[in-house]
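Below is one structure, written out as structure tokens; comments come after it.
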Amino acid sequence: MYSASAETEQCIVVQNCGERCWAASISFIFGYHGHPTHQDRISAVTFGPGSVAACIPAGSSKTLVKVLDSDWRDDNGNLFHARISAAYDPANGVVSMDNSKVVAELAAGNPLLYCNTVHAMVQMGMQFIADPSGRVLRIDDVQVVDPWPNIGYRSLRPAERVPRPAGGEMTFLAAVTIS
């Protein structure tokens, strides 16, 4: 079992408009890694200054990949590079993220960007049963930070834990390395 720690509370970013869960979640991940970057700036850099007022959704996982595989300047003026180290993105033929990689990332204290069919969140924990070799046999719970106002930490519903191609709602999962 891997879960979020109390110090992650200070990194929680609440989305400031109805369509900006993706930017709030990415802002959380950047801030968690010591690079606070406001969700409005993430949106403006991605779609242009008008996107802040227009409250534009990501639209596709290609947008998320573009944001997560880029150089950024944080709110303190520091340069950093975000890179996807593993991903589950079947819409674009990428399936380099399996349960063992999820466990390794969470064990290392790295949050993951998670998306279902309509919403982006940050995966912070997972309860599972593994065999002696460490292979995940069953996932009992997945904990996320939901950026929707007044939600915060919650467990994914069972359908949200199942990949879309297998009849569930999960459409994207990415591990992000910040340097």
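Following the order of the structure tokens, first chain is A, next is B, and so on, with residues numbered from 1 inside each chain and ligands from 1 in the order they appear.
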
Strand (DSSP E or B) call set, DSSP backbone run, range 10-174 of chain A, as a ChimeraX atom specification: /A:71-73,79-89,94-95,112-115,120-130,136-146,152-155,163,170,172-174

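Among the candidates A:Pro149, A:Gly59, A:Gly34, A:Gly18, the residue lying nearest to His81 in chain A is A:Gly34 (atoms considered: only C-alpha atoms).
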
Which is closest to Thr171 in chain A among A:Ile29, A:Cys115, A:Val144, A:Ala108, if we use only C-alpha atoms? A:Cys115

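Nearest-residue note for Thr37 in chain A: choosing from A:Gly77, A:Pro57, A:Pro132, A:Pro49, the minimum distance belongs to A:Gly77, counting only C-alpha atoms.
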